[in-house]
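Reviewing the structure listed below.
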Amino acid sequence: MRPVKKIRKPKPWKHTQPISKAELVKMREEFWDTAPHYGGTKEIWDALRAAAEADISLAQTIVDSAGVIVQNNDLTTCYDERGAKYDLPKYVLSEPTNLVEES
């Protein structure tokens, strides 16, 4: 059995331009809606989404119980037990440093 990688939030990152919370939510929704079309199983994508939206300790439990093999401990690259690769963009895992408040 592989050693379990402790997951953590991605390092701080900056979007190409300042982005509002609403735009970020829209980007996340679009990613999760299309993610299963990139391969892998819906169950693993659902688990990854739940983990991405949970706090770190719960996220760890979710990926462990789903049998997700964490390649990068910030969850940007994962595999399932059949070897299918799951790439997650940082914007679904954390907020950028240049998130702007909507007025």
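Ordering of the structure tokens sets the chain letters (A, B, ...), residue numbers begin anew at 1 in every chain, and ligands are numbered from 1 in the order given.
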
Note to self: Can you pull out the residues contacting stretch 5-16 of chain A? Cut-off 8 Å, using only C-alpha atoms, and skip same-chain residues under 3 positions away; I want them as a PyMOL selection string.
What the structure shows: chain A and resi 19+56+59-60+70-71+73-75+90+93-98

Hey, can you spit out that residue selection with N, CA and C atoms as an mmCIF file, in the first residue's frame?
data_model
loop_
_atom_site.group_PDB
_atom_site.id
_atom_site.type_symbol
_atom_site.label_atom_id
_atom_site.label_comp_id
_atom_site.auth_asym_id
_atom_site.auth_seq_id
_atom_site.Cartn_x
_atom_site.Cartn_y
_atom_site.Cartn_z
ATOM 1 N N ILE A 19 -10.273 39.066 -10.352
ATOM 2 C CA ILE A 19 -11.498 38.309 -10.613
ATOM 3 C C ILE A 19 -12.438 38.436 -9.420
ATOM 4 N N ILE A 56 -9.623 21.000 5.042
ATOM 5 C CA ILE A 56 -8.539 20.050 4.774
ATOM 6 C C ILE A 56 -8.717 18.688 5.447
ATOM 7 N N ALA A 59 -11.399 16.859 3.693
ATOM 8 C CA ALA A 59 -10.925 16.551 2.338
ATOM 9 C C ALA A 59 -10.037 15.311 2.361
ATOM 10 N N GLN A 60 -9.166 15.216 3.369
ATOM 11 C CA GLN A 60 -8.275 14.055 3.497
ATOM 12 C C GLN A 60 -9.108 12.776 3.640
ATOM 13 N N VAL A 70 -3.207 10.504 -4.403
ATOM 14 C CA VAL A 70 -2.813 11.906 -4.511
ATOM 15 C C VAL A 70 -1.368 11.988 -4.987
ATOM 16 N N GLN A 71 -1.170 12.560 -6.172
ATOM 17 C CA GLN A 71 0.180 12.735 -6.720
ATOM 18 C C GLN A 71 0.802 14.004 -6.158
ATOM 19 N N ASN A 73 0.315 16.947 -3.365
ATOM 20 C CA ASN A 73 -0.478 17.034 -2.137
ATOM 21 C C ASN A 73 -1.389 18.249 -2.062
ATOM 22 N N ASP A 74 -1.392 19.103 -3.088
ATOM 23 C CA ASP A 74 -2.391 20.178 -3.122
ATOM 24 C C ASP A 74 -3.603 19.761 -3.969
ATOM 25 N N LEU A 75 -3.664 18.486 -4.358
ATOM 26 C CA LEU A 75 -4.763 17.877 -5.134
ATOM 27 C C LEU A 75 -4.797 18.293 -6.608
ATOM 28 N N LYS A 90 -6.014 25.142 -9.941
ATOM 29 C CA LYS A 90 -5.965 25.770 -8.609
ATOM 30 C C LYS A 90 -7.238 26.530 -8.281
ATOM 31 N N LEU A 93 -9.629 24.839 -6.119
ATOM 32 C CA LEU A 93 -9.098 24.418 -4.825
ATOM 33 C C LEU A 93 -8.915 25.557 -3.823
ATOM 34 N N SER A 94 -8.696 26.760 -4.325
ATOM 35 C CA SER A 94 -8.516 27.909 -3.423
ATOM 36 C C SER A 94 -8.804 29.196 -4.189
ATOM 37 N N GLU A 95 -8.863 30.278 -3.443
ATOM 38 C CA GLU A 95 -9.136 31.573 -4.058
ATOM 39 C C GLU A 95 -7.824 32.246 -4.419
ATOM 40 N N PRO A 96 -7.828 33.023 -5.509
ATOM 41 C CA PRO A 96 -6.604 33.730 -5.896
ATOM 42 C C PRO A 96 -6.327 34.903 -4.949
ATOM 43 N N THR A 97 -5.093 35.365 -4.959
ATOM 44 C CA THR A 97 -4.734 36.500 -4.114
ATOM 45 C C THR A 97 -5.318 37.795 -4.648
ATOM 46 N N ASN A 98 -5.710 37.808 -5.932
ATOM 47 C CA ASN A 98 -6.273 39.031 -6.516
ATOM 48 C C ASN A 98 -7.788 38.934 -6.718
#

Notebook entry, point to check: Using only C-alpha atoms, which residues sit within 12 Å of stretch 32-49 of chain A once same-chain residues fewer than 6 positions away are excluded, as a ChimeraX atom specification?
Noted result: /A:25-26,55,58-70,74-89,91-93

Notebook entry, point to check: Just how far from atom CA of A:Glu23 is atom CA of A:Glu102, in Å to one decimal?
Noted result: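 Computed distance, atom CA of A:Glu102 to atom CA of A:Glu23, equals 10.3 Å.
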
Next item on the list: Report as a ChimeraX atom specification: the residues of chain A with a DSSP assignment of strand (DSSP E or B), based on the backbone of this structure.
Entry: /A:19-20,69-70,77-79,85-87,99-100

Write the selection just made, keeping N, CA, C and O atoms, as a short mmCIF file (atom, residue, chain, number, x, y, z; two decimals), in the first residue's frame?
data_model
loop_
_atom_site.label_atom_id
_atom_site.label_comp_id
_atom_site.auth_asym_id
_atom_site.auth_seq_id
_atom_site.Cartn_x
_atom_site.Cartn_y
_atom_site.Cartn_z
N ILE A 19 -10.27 39.07 -10.35
CA ILE A 19 -11.50 38.31 -10.61
C ILE A 19 -12.44 38.44 -9.42
O ILE A 19 -11.99 38.49 -8.28
N SER A 20 -13.73 38.50 -9.69
CA SER A 20 -14.70 38.61 -8.59
C SER A 20 -15.09 37.21 -8.11
O SER A 20 -14.86 36.21 -8.81
N ILE A 69 -5.58 8.41 -5.35
CA ILE A 69 -4.14 8.42 -5.16
C ILE A 69 -3.68 9.84 -5.45
O ILE A 69 -3.78 10.33 -6.57
N VAL A 70 -3.21 10.50 -4.40
CA VAL A 70 -2.81 11.91 -4.51
C VAL A 70 -1.37 11.99 -4.99
O VAL A 70 -0.46 11.51 -4.31
N THR A 77 -2.99 17.16 -8.99
CA THR A 77 -2.89 15.95 -9.81
C THR A 77 -3.17 14.74 -8.93
O THR A 77 -2.51 14.54 -7.91
N CYS A 78 -4.17 13.95 -9.35
CA CYS A 78 -4.56 12.74 -8.61
C CYS A 78 -4.80 11.62 -9.62
O CYS A 78 -4.96 11.85 -10.81
N TYR A 79 -4.85 10.40 -9.10
CA TYR A 79 -5.17 9.23 -9.92
C TYR A 79 -6.19 8.39 -9.18
O TYR A 79 -6.29 8.46 -7.96
N LYS A 85 -6.03 9.63 -14.69
CA LYS A 85 -5.48 10.86 -14.13
C LYS A 85 -6.56 11.93 -14.02
O LYS A 85 -7.41 12.06 -14.88
N TYR A 86 -6.50 12.69 -12.93
CA TYR A 86 -7.44 13.77 -12.66
C TYR A 86 -6.62 15.03 -12.37
O TYR A 86 -5.90 15.07 -11.39
N ASP A 87 -6.72 16.01 -13.26
CA ASP A 87 -6.02 17.28 -13.05
C ASP A 87 -7.02 18.33 -12.59
O ASP A 87 -8.03 18.55 -13.25
N LEU A 99 -8.45 38.28 -5.78
CA LEU A 99 -9.92 38.23 -5.79
C LEU A 99 -10.42 39.62 -5.40
O LEU A 99 -9.94 40.20 -4.43
N VAL A 100 -11.35 40.15 -6.17
CA VAL A 100 -11.84 41.51 -5.87
C VAL A 100 -13.23 41.45 -5.26
O VAL A 100 -14.04 40.57 -5.59
#
